>>> print(open('model.cif').read())   # mmCIF, C-alpha atoms
data_query
#
loop_
_atom_site.group_PDB
_atom_site.id
_atom_site.type_symbol
_atom_site.label_atom_id
_atom_site.label_comp_id
_atom_site.auth_asym_id
_atom_site.auth_seq_id
_atom_site.Cartn_x
_atom_site.Cartn_y
_atom_site.Cartn_z
ATOM 1 C CA MET A 1 0.000 0.000 0.000
ATOM 2 C CA PRO A 2 2.731 2.610 0.771
ATOM 3 C CA GLN A 3 4.383 2.206 -2.612
ATOM 4 C CA PRO A 4 1.583 3.754 -4.767
ATOM 5 C CA HIS A 5 1.369 6.663 -2.340
ATOM 6 C CA VAL A 6 5.094 7.356 -2.719
ATOM 7 C CA GLU A 7 4.818 7.196 -6.492
ATOM 8 C CA ASN A 8 1.906 9.644 -6.473
ATOM 9 C CA VAL A 9 3.817 12.078 -4.289
ATOM 10 C CA THR A 10 6.846 11.780 -6.575
ATOM 11 C CA GLU A 11 4.773 12.445 -9.677
ATOM 12 C CA ALA A 12 3.137 15.443 -8.017
ATOM 13 C CA ALA A 13 6.522 16.795 -7.044
ATOM 14 C CA LYS A 14 7.721 16.456 -10.590
ATOM 15 C CA GLY A 15 4.791 18.465 -11.884
ATOM 16 C CA GLY A 16 4.959 21.087 -9.116
ATOM 17 C CA PHE A 17 6.770 24.381 -8.786
ATOM 18 C CA ASN A 18 10.520 24.002 -9.387
ATOM 19 C CA ALA A 19 12.230 26.950 -7.673
ATOM 20 C CA GLY A 20 15.723 26.083 -8.893
ATOM 21 C CA GLU A 21 14.680 25.774 -12.515
ATOM 22 C CA THR A 22 12.661 28.991 -12.333
ATOM 23 C CA ILE A 23 15.501 30.997 -10.762
ATOM 24 C CA LEU A 24 18.134 29.706 -13.179
ATOM 25 C CA GLY A 25 15.802 30.416 -16.082
ATOM 26 C CA HIS A 26 15.518 34.051 -14.997
ATOM 27 C CA VAL A 27 19.232 34.730 -14.419
ATOM 28 C CA SER A 28 20.912 32.625 -17.109
ATOM 29 C CA ASP A 29 21.360 33.469 -20.763
ATOM 30 C CA SER A 30 18.811 32.209 -23.268
ATOM 31 C CA SER A 31 19.724 28.619 -23.996
ATOM 32 C CA ILE A 32 20.918 27.352 -27.331
ATOM 33 C CA GLU A 33 17.344 26.152 -27.891
ATOM 34 C CA HIS A 34 16.020 29.732 -27.780
ATOM 35 C CA PRO A 35 18.537 31.970 -29.620
ATOM 36 C CA LEU A 36 17.078 35.238 -30.842
ATOM 37 C CA ILE A 37 18.905 35.099 -34.159
ATOM 38 C CA HIS A 38 20.260 31.844 -35.574
ATOM 39 C CA LEU A 39 23.751 32.165 -37.054
ATOM 40 C CA PRO A 40 26.166 29.478 -38.317
ATOM 41 C CA LYS A 41 29.125 28.211 -36.336
ATOM 42 C CA VAL A 42 32.555 29.752 -36.894
ATOM 43 C CA PHE A 43 35.502 27.480 -35.990
ATOM 44 C CA GLY A 44 33.121 25.383 -33.899
ATOM 45 C CA VAL A 45 31.720 28.368 -31.983
ATOM 46 C CA ASP A 46 27.992 29.018 -32.267
ATOM 47 C CA MET A 47 27.636 32.690 -33.283
ATOM 48 C CA SER A 48 23.877 32.830 -32.688
ATOM 49 C CA VAL A 49 22.617 35.967 -30.931
ATOM 50 C CA THR A 50 21.362 35.120 -27.436
ATOM 51 C CA LYS A 51 19.390 37.203 -24.949
ATOM 52 C CA HIS A 52 22.480 38.630 -23.260
ATOM 53 C CA VAL A 53 24.085 39.594 -26.575
ATOM 54 C CA PHE A 54 20.886 41.407 -27.510
ATOM 55 C CA MET A 55 20.821 43.182 -24.137
ATOM 56 C CA LEU A 56 24.420 44.299 -24.643
ATOM 57 C CA TRP A 57 23.429 45.864 -27.951
ATOM 58 C CA PHE A 58 20.308 47.370 -26.402
ATOM 59 C CA ALA A 59 22.241 48.910 -23.493
ATOM 60 C CA ALA A 60 24.920 50.276 -25.841
ATOM 61 C CA VAL A 61 22.285 51.933 -28.041
ATOM 62 C CA VAL A 62 20.420 53.394 -25.052
ATOM 63 C CA ILE A 63 23.604 54.833 -23.523
ATOM 64 C CA LEU A 64 24.795 56.209 -26.878
ATOM 65 C CA VAL A 65 21.444 57.861 -27.612
ATOM 66 C CA PHE A 66 21.061 59.454 -24.171
ATOM 67 C CA VAL A 67 24.665 60.678 -23.947
ATOM 68 C CA THR A 68 24.661 62.049 -27.516
ATOM 69 C CA TRP A 69 21.306 63.767 -26.999
ATOM 70 C CA ALA A 70 22.396 65.347 -23.697
ATOM 71 C CA VAL A 71 25.748 66.594 -25.019
ATOM 72 C CA ARG A 72 24.289 68.051 -28.234
ATOM 73 C CA ARG A 73 21.484 69.748 -26.309
ATOM 74 C CA TYR A 74 24.069 71.164 -23.911
ATOM 75 C CA LEU A 75 26.307 72.502 -26.703
ATOM 76 C CA ARG A 76 23.362 74.202 -28.479
ATOM 77 C CA GLN A 77 22.745 76.453 -25.470
ATOM 78 C CA GLU A 78 23.941 80.071 -25.675
ATOM 79 C CA ARG A 79 25.235 79.856 -22.135
ATOM 80 C CA PRO A 80 25.869 76.154 -21.520
ATOM 81 C CA VAL A 81 24.674 75.216 -18.048
ATOM 82 C CA PRO A 82 24.468 71.481 -17.276
ATOM 83 C CA THR A 83 21.039 70.576 -15.913
ATOM 84 C CA GLY A 84 19.058 67.384 -15.520
ATOM 85 C CA PHE A 85 20.653 64.349 -17.146
ATOM 86 C CA MET A 86 23.547 66.445 -18.470
ATOM 87 C CA GLY A 87 24.355 67.583 -14.941
ATOM 88 C CA VAL A 88 24.516 63.969 -13.762
ATOM 89 C CA LEU A 89 26.621 63.038 -16.795
ATOM 90 C CA GLU A 90 29.056 65.895 -16.210
ATOM 91 C CA TYR A 91 29.415 64.893 -12.570
ATOM 92 C CA ALA A 92 30.133 61.294 -13.608
ATOM 93 C CA VAL A 93 32.757 62.400 -16.156
ATOM 94 C CA LEU A 94 34.517 64.697 -13.687
ATOM 95 C CA PHE A 95 34.344 62.080 -10.932
ATOM 96 C CA VAL A 96 35.899 59.378 -13.102
ATOM 97 C CA ARG A 97 38.600 61.723 -14.398
ATOM 98 C CA ASP A 98 39.537 63.471 -11.137
ATOM 99 C CA GLU A 99 38.857 60.773 -8.529
ATOM 100 C CA ILE A 100 39.612 57.516 -10.361
ATOM 101 C CA VAL A 101 41.945 58.037 -13.310
ATOM 102 C CA GLU A 102 44.174 60.975 -12.326
ATOM 103 C CA PRO A 103 45.215 59.684 -8.868
ATOM 104 C CA ASN A 104 46.327 56.400 -10.451
ATOM 105 C CA VAL A 105 47.807 57.255 -13.865
ATOM 106 C CA GLY A 106 48.946 60.830 -13.143
ATOM 107 C CA LYS A 107 48.105 64.221 -14.675
ATOM 108 C CA LYS A 108 50.329 63.631 -17.694
ATOM 109 C CA ARG A 109 48.295 60.681 -18.968
ATOM 110 C CA VAL A 110 44.870 61.382 -17.475
ATOM 111 C CA ASN A 111 43.362 62.475 -20.809
ATOM 112 C CA THR A 112 44.764 59.370 -22.517
ATOM 113 C CA TRP A 113 43.047 56.829 -20.260
ATOM 114 C CA THR A 114 39.946 58.670 -19.059
ATOM 115 C CA PRO A 115 37.903 57.796 -22.211
ATOM 116 C CA LEU A 116 38.447 54.053 -21.718
ATOM 117 C CA VAL A 117 37.773 54.057 -17.980
ATOM 118 C CA LEU A 118 34.750 56.332 -18.416
ATOM 119 C CA THR A 119 33.366 54.005 -21.098
ATOM 120 C CA PHE A 120 33.739 51.078 -18.694
ATOM 121 C CA PHE A 121 31.918 52.994 -15.966
ATOM 122 C CA LEU A 122 28.973 54.202 -18.059
ATOM 123 C CA PHE A 123 28.589 50.911 -19.938
ATOM 124 C CA ILE A 124 28.695 48.661 -16.865
ATOM 125 C CA LEU A 125 26.464 50.979 -14.835
ATOM 126 C CA GLY A 126 23.977 51.228 -17.706
ATOM 127 C CA ILE A 127 23.803 47.448 -18.154
ATOM 128 C CA ASN A 128 23.479 46.893 -14.402
ATOM 129 C CA LEU A 129 20.590 49.352 -14.071
ATOM 130 C CA ILE A 130 18.774 48.107 -17.181
ATOM 131 C CA GLY A 131 19.114 44.567 -15.829
ATOM 132 C CA LEU A 132 17.194 45.590 -12.705
ATOM 133 C CA VAL A 133 14.118 46.406 -14.801
ATOM 134 C CA PRO A 134 11.968 43.256 -15.246
ATOM 135 C CA LEU A 135 11.763 43.661 -19.014
ATOM 136 C CA SER A 136 11.330 39.932 -19.666
ATOM 137 C CA ASP A 137 8.453 39.629 -17.207
ATOM 138 C CA LEU A 138 6.671 42.675 -18.616
ATOM 139 C CA LEU A 139 7.146 41.385 -22.128
ATOM 140 C CA GLY A 140 5.878 37.974 -21.029
ATOM 141 C CA LEU A 141 2.654 39.548 -19.745
ATOM 142 C CA LEU A 142 2.206 41.531 -22.951
ATOM 143 C CA ASN A 143 2.858 38.422 -25.024
ATOM 144 C CA HIS A 144 0.271 36.463 -23.044
ATOM 145 C CA TYR A 145 -2.517 39.035 -22.945
ATOM 146 C CA VAL A 146 -1.875 41.349 -25.919
ATOM 147 C CA PHE A 147 0.507 40.176 -28.656
ATOM 148 C CA HIS A 148 -0.025 36.386 -28.635
ATOM 149 C CA PRO A 149 3.110 35.702 -30.752
ATOM 150 C CA ALA A 150 3.976 32.356 -32.267
ATOM 151 C CA GLU A 151 6.252 30.106 -30.195
ATOM 152 C CA ASP A 152 9.151 30.520 -32.627
ATOM 153 C CA SER A 153 8.762 34.300 -33.035
ATOM 154 C CA PHE A 154 11.389 36.829 -31.955
ATOM 155 C CA LEU A 155 9.195 38.223 -29.150
ATOM 156 C CA ALA A 156 8.475 34.760 -27.747
ATOM 157 C CA ARG A 157 12.182 33.865 -27.681
ATOM 158 C CA LEU A 158 13.041 37.210 -26.075
ATOM 159 C CA VAL A 159 11.255 36.152 -22.882
ATOM 160 C CA HIS A 160 13.655 33.256 -22.239
ATOM 161 C CA GLY A 161 16.684 33.940 -20.046
ATOM 162 C CA GLY A 162 17.806 36.807 -17.835
ATOM 163 C CA SER A 163 18.239 40.431 -18.854
ATOM 164 C CA THR A 164 21.463 41.256 -16.951
ATOM 165 C CA PRO A 165 24.502 40.523 -19.151
ATOM 166 C CA THR A 166 26.928 41.510 -16.371
ATOM 167 C CA GLY A 167 25.722 38.399 -14.551
ATOM 168 C CA ASN A 168 27.165 36.351 -17.414
ATOM 169 C CA PHE A 169 30.794 35.328 -16.862
ATOM 170 C CA ASN A 170 31.453 35.456 -20.616
ATOM 171 C CA VAL A 171 30.522 39.154 -20.683
ATOM 172 C CA THR A 172 32.561 40.106 -17.625
ATOM 173 C CA ALA A 173 35.492 38.050 -18.922
ATOM 174 C CA ALA A 174 35.391 40.027 -22.186
ATOM 175 C CA LEU A 175 35.411 43.322 -20.259
ATOM 176 C CA ALA A 176 38.267 42.069 -18.070
ATOM 177 C CA THR A 177 40.208 41.014 -21.186
ATOM 178 C CA ILE A 178 39.978 44.565 -22.540
ATOM 179 C CA SER A 179 41.280 45.811 -19.199
ATOM 180 C CA PHE A 180 44.097 43.226 -19.321
ATOM 181 C CA PHE A 181 45.342 44.379 -22.725
ATOM 182 C CA ALA A 182 44.924 48.038 -21.741
ATOM 183 C CA VAL A 183 47.426 47.445 -18.943
ATOM 184 C CA ILE A 184 49.914 45.925 -21.390
ATOM 185 C CA VAL A 185 49.433 48.814 -23.836
ATOM 186 C CA ALA A 186 49.910 51.386 -21.065
ATOM 187 C CA GLY A 187 53.139 49.783 -19.887
ATOM 188 C CA THR A 188 54.436 49.363 -23.433
ATOM 189 C CA ILE A 189 53.745 52.995 -24.398
ATOM 190 C CA THR A 190 55.434 54.290 -21.263
ATOM 191 C CA HIS A 191 58.460 51.975 -20.965
ATOM 192 C CA GLY A 192 58.702 50.039 -24.235
ATOM 193 C CA PHE A 193 57.621 46.457 -24.864
ATOM 194 C CA VAL A 194 60.685 44.710 -23.400
ATOM 195 C CA GLN A 195 61.058 46.987 -20.408
ATOM 196 C CA HIS A 196 57.377 46.651 -19.565
ATOM 197 C CA TRP A 197 57.767 42.915 -19.046
ATOM 198 C CA LYS A 198 61.015 43.453 -17.123
ATOM 199 C CA ASN A 199 59.122 45.791 -14.798
ATOM 200 C CA LEU A 200 57.012 42.875 -13.611
ATOM 201 C CA VAL A 201 59.879 42.028 -11.288
ATOM 202 C CA PRO A 202 60.935 44.841 -8.916
ATOM 203 C CA GLY A 203 64.489 46.064 -9.340
ATOM 204 C CA GLY A 204 67.120 45.687 -6.685
ATOM 205 C CA VAL A 205 66.117 42.244 -5.464
ATOM 206 C CA PRO A 206 68.684 39.423 -5.195
ATOM 207 C CA LYS A 207 68.919 37.267 -8.313
ATOM 208 C CA TRP A 208 68.283 34.054 -6.402
ATOM 209 C CA ILE A 209 64.742 35.305 -5.691
ATOM 210 C CA TYR A 210 63.919 35.620 -9.425
ATOM 211 C CA PRO A 211 62.930 31.928 -9.909
ATOM 212 C CA ILE A 212 60.365 32.371 -7.138
ATOM 213 C CA LEU A 213 59.273 35.926 -7.917
ATOM 214 C CA ILE A 214 58.799 35.634 -11.696
ATOM 215 C CA PRO A 215 56.174 32.819 -11.560
ATOM 216 C CA ILE A 216 54.314 34.678 -8.799
ATOM 217 C CA GLU A 217 54.219 37.887 -10.851
ATOM 218 C CA ILE A 218 53.049 36.042 -13.971
ATOM 219 C CA ILE A 219 50.278 34.359 -11.997
ATOM 220 C CA SER A 220 49.225 37.693 -10.488
ATOM 221 C CA LEU A 221 49.098 39.162 -13.988
ATOM 222 C CA PHE A 222 46.322 36.730 -14.922
ATOM 223 C CA VAL A 223 44.662 36.727 -11.494
ATOM 224 C CA ARG A 224 43.734 40.417 -11.908
ATOM 225 C CA PRO A 225 41.363 39.983 -14.892
ATOM 226 C CA PHE A 226 40.036 36.781 -13.298
ATOM 227 C CA ALA A 227 39.170 38.733 -10.152
ATOM 228 C CA LEU A 228 37.459 41.435 -12.212
ATOM 229 C CA THR A 229 35.459 38.751 -14.029
ATOM 230 C CA MET A 230 34.290 36.882 -10.946
ATOM 231 C CA ARG A 231 33.558 39.898 -8.744
ATOM 232 C CA LEU A 232 31.250 41.677 -11.194
ATOM 233 C CA ALA A 233 29.364 38.591 -12.403
ATOM 234 C CA ALA A 234 28.957 37.029 -8.950
ATOM 235 C CA ASN A 235 27.647 40.195 -7.311
ATOM 236 C CA MET A 236 25.106 40.927 -10.044
ATOM 237 C CA THR A 237 23.899 37.320 -10.209
ATOM 238 C CA GLY A 238 23.745 36.902 -6.426
ATOM 239 C CA GLY A 239 21.340 39.791 -5.945
ATOM 240 C CA HIS A 240 18.920 38.537 -8.580
ATOM 241 C CA ILE A 241 18.994 35.017 -7.148
ATOM 242 C CA ALA A 242 18.233 36.375 -3.657
ATOM 243 C CA ILE A 243 15.204 38.340 -4.918
ATOM 244 C CA LEU A 244 13.845 35.409 -6.913
ATOM 245 C CA ALA A 245 14.399 32.983 -4.033
ATOM 246 C CA ILE A 246 12.425 35.192 -1.639
ATOM 247 C CA ILE A 247 9.532 35.543 -4.095
ATOM 248 C CA SER A 248 9.601 31.781 -4.656
ATOM 249 C CA PHE A 249 8.683 31.238 -0.990
ATOM 250 C CA VAL A 250 5.125 32.240 -1.871
ATOM 251 C CA PHE A 251 4.729 29.356 -4.323
ATOM 252 C CA ILE A 252 6.799 26.841 -2.345
ATOM 253 C CA PHE A 253 4.799 27.170 0.885
ATOM 254 C CA ALA A 254 1.488 27.323 -0.969
ATOM 255 C CA GLU A 255 2.365 24.040 -2.694
ATOM 256 C CA LEU A 256 3.658 22.360 0.466
ATOM 257 C CA SER A 257 0.605 23.303 2.506
ATOM 258 C CA GLY A 258 -1.861 22.733 -0.305
ATOM 259 C CA GLN A 259 -3.506 26.038 0.596
ATOM 260 C CA ALA A 260 -3.316 29.100 -1.642
ATOM 261 C CA LEU A 261 -4.050 31.318 1.384
ATOM 262 C CA VAL A 262 -0.737 30.311 2.951
ATOM 263 C CA GLY A 263 1.143 31.539 -0.114
ATOM 264 C CA MET A 264 -0.928 34.721 -0.214
ATOM 265 C CA GLY A 265 -0.109 35.316 3.449
ATOM 266 C CA LEU A 266 3.600 35.156 2.657
ATOM 267 C CA GLY A 267 3.143 37.418 -0.358
ATOM 268 C CA VAL A 268 3.263 40.726 1.544
ATOM 269 C CA PRO A 269 6.440 40.069 3.605
ATOM 270 C CA SER A 270 8.137 38.405 0.619
ATOM 271 C CA LEU A 271 7.426 41.336 -1.681
ATOM 272 C CA ALA A 272 8.485 43.828 1.016
ATOM 273 C CA LEU A 273 11.806 42.037 1.563
ATOM 274 C CA ALA A 274 12.352 41.633 -2.187
ATOM 275 C CA SER A 275 11.715 45.371 -2.639
ATOM 276 C CA LEU A 276 14.325 46.214 -0.013
ATOM 277 C CA ILE A 277 16.853 43.962 -1.716
ATOM 278 C CA SER A 278 15.989 45.607 -5.052
ATOM 279 C CA VAL A 279 16.912 48.990 -3.560
ATOM 280 C CA LEU A 280 20.152 47.451 -2.342
ATOM 281 C CA GLU A 281 20.712 46.106 -5.859
ATOM 282 C CA VAL A 282 20.678 49.662 -7.220
ATOM 283 C CA ILE A 283 23.526 50.508 -4.844
ATOM 284 C CA VAL A 284 25.345 47.301 -5.810
ATOM 285 C CA ALA A 285 24.986 48.210 -9.508
ATOM 286 C CA LEU A 286 26.693 51.560 -8.870
ATOM 287 C CA VAL A 287 29.365 50.124 -6.570
ATOM 288 C CA GLN A 288 30.308 47.327 -8.975
ATOM 289 C CA ALA A 289 30.686 49.758 -11.871
ATOM 290 C CA TYR A 290 32.892 51.919 -9.640
ATOM 291 C CA VAL A 291 35.001 48.990 -8.402
ATOM 292 C CA PHE A 292 35.610 47.632 -11.903
ATOM 293 C CA THR A 293 36.713 51.022 -13.254
ATOM 294 C CA LEU A 294 38.769 51.803 -10.154
ATOM 295 C CA LEU A 295 40.702 48.526 -10.341
ATOM 296 C CA THR A 296 41.245 49.007 -14.078
ATOM 297 C CA ALA A 297 42.710 52.458 -13.410
ATOM 298 C CA VAL A 298 44.841 51.057 -10.574
ATOM 299 C CA PHE A 299 46.255 48.285 -12.798
ATOM 300 C CA ILE A 300 46.993 50.769 -15.604
ATOM 301 C CA GLY A 301 48.686 53.050 -13.099
ATOM 302 C CA MET A 302 50.795 50.177 -11.786
ATOM 303 C CA ALA A 303 52.011 49.477 -15.324
ATOM 304 C CA ILE A 304 52.849 53.152 -15.905
ATOM 305 C CA HIS A 305 54.478 53.780 -12.529
ATOM 306 C CA ALA A 306 56.173 50.408 -12.287
ATOM 307 C CA HIS A 307 58.597 51.147 -9.460
ATOM 308 C CA HIS A 308 56.478 53.448 -7.294
#
>>> encode(input="model.cif", output="structure tokens")
Amino acid sequence: MPQPHVENVTEAAKGGFNAGETILGHVSDSSIEHPLIHLPKVFGVDMSVTKHVFMLWFAAVVILVFVTWAVRRYLRQERPVPTGFMGVLEYAVLFVRDEIVEPNVGKKRVNTWTPLVLTFFLFILGINLIGLVPLSDLLGLLNHYVFHPAEDSFLARLVHGGSTPTGNFNVTAALATISFFAVIVAGTITHGFVQHWKNLVPGGVPKWIYPILIPIEIISLFVRPFALTMRLAANMTGGHIAILAIISFVFIFAELSGQALVGMGLGVPSLALASLISVLEVIVALVQAYVFTLLTAVFIGMAIHAHH
């Protein structure tokens, strides 16, 4: 007699709410089964456009349009006075230049490296903030009640996967790779290609330490972009998982108790706590953009001022 009961419970569990699958579906990239644009493989690499690639393009276009519009509107004024979005943009530019780049690379090269570091800051911050907007969920509601697209349509595929590319390790690794090569370029321009690599080892140390010091310095050279990759992706993904996990309590307890009222009772505290974490996520989005750009400027400065 117990055996059929166990089988029924197992089957019910299989058809019930799966919190892990739901959370991963909201934070991960659209799977290979739901690419937005199918493209052929190049050297064995699938070049299809996924949700995160699309969101990168979307964020880049949004940032370009807003920045271009604000700057042109500012320059058309008879007496240019930064207000509104332009005031915020000017503050961000001056902050990055004066508080991040100049203290690390020096006044002589501040104008050389500010554009790159500023691009990192605006791009990462823009992607982080756009990722906090539940675009996929809103589009899912519109698809269900208004558009009714076909299952294989572009709009239907756009719902699959998360909308925060900075939670994707491939994206943060690409940004960290740009930072890695920027450090090499900065050191090469300042000291020359050969001398830049010699500067990895501090001068004046005994020669017998070189066999120990050189491997450590080479490892640290690659640990820096790895740290940039992991820190940004992990922090952005962790916040989204926390919010989704808290909201999932509503469905989990409703299913376990078999009473919808239990889930509805947890709805108010769950939504309140999720809202507080969402506010914290806005701060995290700003802090992570700042940390990434700060460390990039620090690494570039270390390559330029090798023995300081």
>>> resolve_selection(input="model.cif", expression="the PyMOL selection byres ((chain A and resi 96) around 12)", output="ChimeraX atom specification")
/A:89-95,97-104,110-111,113-122,289-294,296-297
>>> resolve_selection(input="model.cif", expression="the PyMOL selection byres ((chain A and resi 275) around 12)", output="list in words")
Leu132, Gly239, His240, Ala242, Ile243, Leu244, Ile246, Ile247, Gly267, Val268, Pro269, Ser270, Leu271, Ala272, Leu273, Ala274, Leu276, Ile277, Ser278, Val279, Leu280, Glu281 and Val282 of chain A
>>> atom_distance(input="model.cif", atom1="CA of Thr229 in chain A", atom2="CA of Ile304 in chain A")
22.7 Å
>>> atom_distance(input="model.cif", atom1="CA of Phe123 in chain A", atom2="CA of Ser163 in chain A")
14.8 Å
>>> residues_around(input="model.cif", residues="range 133-138 of chain A", least_positions_apart="2", cutoff="9 Å", atoms="only C-alpha atoms", output="VMD selection string")
chain A and resid 26 129 to 131 140 to 143 158 to 163
>>> closest_residue(input="model.cif", among="A:Val194, A:Ile23, A:Val81, A:Met55", to="Ile241 in chain A", atoms="all atoms listed in the file")
A:Ile23
>>> resolve_selection(input="model.cif", expression="the PyMOL selection byres ((chain A and resi 157) around 12)", output="MDAnalysis selection string")
chainID A and resid 29:38 49:51 54 136 139:140 143 149:156 158:162
>>> write_last_selection(input="model.cif", atoms="C-alpha atoms", output="short mmCIF file (atom, residue, chain, number, x, y, z; two decimals), in the coordinates of the input")
data_model
loop_
_atom_site.label_atom_id
_atom_site.label_comp_id
_atom_site.auth_asym_id
_atom_site.auth_seq_id
_atom_site.Cartn_x
_atom_site.Cartn_y
_atom_site.Cartn_z
CA ASP A 29 21.36 33.47 -20.76
CA SER A 30 18.81 32.21 -23.27
CA SER A 31 19.72 28.62 -24.00
CA ILE A 32 20.92 27.35 -27.33
CA GLU A 33 17.34 26.15 -27.89
CA HIS A 34 16.02 29.73 -27.78
CA PRO A 35 18.54 31.97 -29.62
CA LEU A 36 17.08 35.24 -30.84
CA ILE A 37 18.90 35.10 -34.16
CA HIS A 38 20.26 31.84 -35.57
CA VAL A 49 22.62 35.97 -30.93
CA THR A 50 21.36 35.12 -27.44
CA LYS A 51 19.39 37.20 -24.95
CA PHE A 54 20.89 41.41 -27.51
CA SER A 136 11.33 39.93 -19.67
CA LEU A 139 7.15 41.38 -22.13
CA GLY A 140 5.88 37.97 -21.03
CA ASN A 143 2.86 38.42 -25.02
CA PRO A 149 3.11 35.70 -30.75
CA ALA A 150 3.98 32.36 -32.27
CA GLU A 151 6.25 30.11 -30.20
CA ASP A 152 9.15 30.52 -32.63
CA SER A 153 8.76 34.30 -33.03
CA PHE A 154 11.39 36.83 -31.96
CA LEU A 155 9.20 38.22 -29.15
CA ALA A 156 8.48 34.76 -27.75
CA LEU A 158 13.04 37.21 -26.08
CA VAL A 159 11.26 36.15 -22.88
CA HIS A 160 13.66 33.26 -22.24
CA GLY A 161 16.68 33.94 -20.05
CA GLY A 162 17.81 36.81 -17.84
#
>>> closest_residue(input="model.cif", among="A:Thr172, A:Asn199, A:Asn18, A:Thr177", to="Ala303 in chain A", atoms="all atoms listed in the file")
A:Asn199
>>> closest_residue(input="model.cif", among="A:Val27, A:Ala176, A:Ala245, A:Met230", to="Phe299 in chain A", atoms="all atoms listed in the file")
A:Ala176
>>> closest_residue(input="model.cif", among="A:Ile127, A:Ala254, A:Val223, A:Asn170", to="Val61 in chain A", atoms="only C-alpha atoms")
A:Ile127
>>> axis_aligned_box(input="model.cif", around="range 22-39 of chain A", padding_each_side="6 Å", output="AutoDock Vina command-line options")
--center_x 18.2 --center_y 30.7 --center_z -23.9 --size_x 23.1 --size_y 21.1 --size_z 38.3
>>> closest_residue(input="model.cif", among="A:Val250, A:Leu295, A:Val45, A:Ile184", to="Met264 in chain A", atoms="all atoms listed in the file")
A:Val250
>>> atom_distance(input="model.cif", atom1="CA of Ile214 in chain A", atom2="CA of Trp197 in chain A")
10.4 Å
>>> closest_residue(input="model.cif", among="A:Ile189, A:Leu175, A:Leu56, A:Leu39", to="Pro225 in chain A", atoms="only C-alpha atoms")
A:Leu175
>>> residues_around(input="model.cif", residues="Ile63 in chain A", least_positions_apart="3", cutoff="9 Å", atoms="all atoms listed in the file", output="NGL selection string")
:A and (58-60 or 66-68 or 122-123 or 126)
>>> decode(input="model.cif", residues="range 131-143 of chain A", atoms="N, CA and C atoms", output="PDB file, in the first residue's frame")
ATOM      1  N   GLY A 131      19.382  45.929 -16.267  1.00  0.00           N
ATOM      2  CA  GLY A 131      19.114  44.567 -15.829  1.00  0.00           C
ATOM      3  C   GLY A 131      18.203  44.478 -14.615  1.00  0.00           C
ATOM      4  N   LEU A 132      18.081  45.583 -13.867  1.00  0.00           N
ATOM      5  CA  LEU A 132      17.194  45.590 -12.705  1.00  0.00           C
ATOM      6  C   LEU A 132      15.732  45.771 -13.100  1.00  0.00           C
ATOM      7  N   VAL A 133      15.496  46.226 -14.325  1.00  0.00           N
ATOM      8  CA  VAL A 133      14.118  46.406 -14.801  1.00  0.00           C
ATOM      9  C   VAL A 133      13.604  45.060 -15.309  1.00  0.00           C
ATOM     10  N   PRO A 134      12.474  44.583 -14.822  1.00  0.00           N
ATOM     11  CA  PRO A 134      11.968  43.256 -15.246  1.00  0.00           C
ATOM     12  C   PRO A 134      11.381  43.293 -16.652  1.00  0.00           C
ATOM     13  N   LEU A 135      12.231  43.551 -17.631  1.00  0.00           N
ATOM     14  CA  LEU A 135      11.763  43.661 -19.014  1.00  0.00           C
ATOM     15  C   LEU A 135      11.165  42.352 -19.515  1.00  0.00           C
ATOM     16  N   SER A 136      11.810  41.227 -19.183  1.00  0.00           N
ATOM     17  CA  SER A 136      11.330  39.932 -19.666  1.00  0.00           C
ATOM     18  C   SER A 136       9.948  39.611 -19.110  1.00  0.00           C
ATOM     19  N   ASP A 137       9.737  39.926 -17.826  1.00  0.00           N
ATOM     20  CA  ASP A 137       8.453  39.629 -17.207  1.00  0.00           C
ATOM     21  C   ASP A 137       7.342  40.508 -17.785  1.00  0.00           C
ATOM     22  N   LEU A 138       7.666  41.788 -18.009  1.00  0.00           N
ATOM     23  CA  LEU A 138       6.671  42.675 -18.616  1.00  0.00           C
ATOM     24  C   LEU A 138       6.339  42.232 -20.033  1.00  0.00           C
ATOM     25  N   LEU A 139       7.380  41.855 -20.767  1.00  0.00           N
ATOM     26  CA  LEU A 139       7.146  41.385 -22.128  1.00  0.00           C
ATOM     27  C   LEU A 139       6.360  40.078 -22.133  1.00  0.00           C
ATOM     28  N   GLY A 140       6.625  39.217 -21.127  1.00  0.00           N
ATOM     29  CA  GLY A 140       5.878  37.974 -21.029  1.00  0.00           C
ATOM     30  C   GLY A 140       4.391  38.218 -20.813  1.00  0.00           C
ATOM     31  N   LEU A 141       4.060  39.208 -19.964  1.00  0.00           N
ATOM     32  CA  LEU A 141       2.654  39.548 -19.745  1.00  0.00           C
ATOM     33  C   LEU A 141       2.010  40.100 -21.014  1.00  0.00           C
ATOM     34  N   LEU A 142       2.742  40.972 -21.710  1.00  0.00           N
ATOM     35  CA  LEU A 142       2.206  41.531 -22.951  1.00  0.00           C
ATOM     36  C   LEU A 142       2.017  40.448 -24.006  1.00  0.00           C
ATOM     37  N   ASN A 143       2.986  39.522 -24.061  1.00  0.00           N
ATOM     38  CA  ASN A 143       2.858  38.422 -25.024  1.00  0.00           C
ATOM     39  C   ASN A 143       1.631  37.562 -24.731  1.00  0.00           C
TER      40      ASN A 143
END
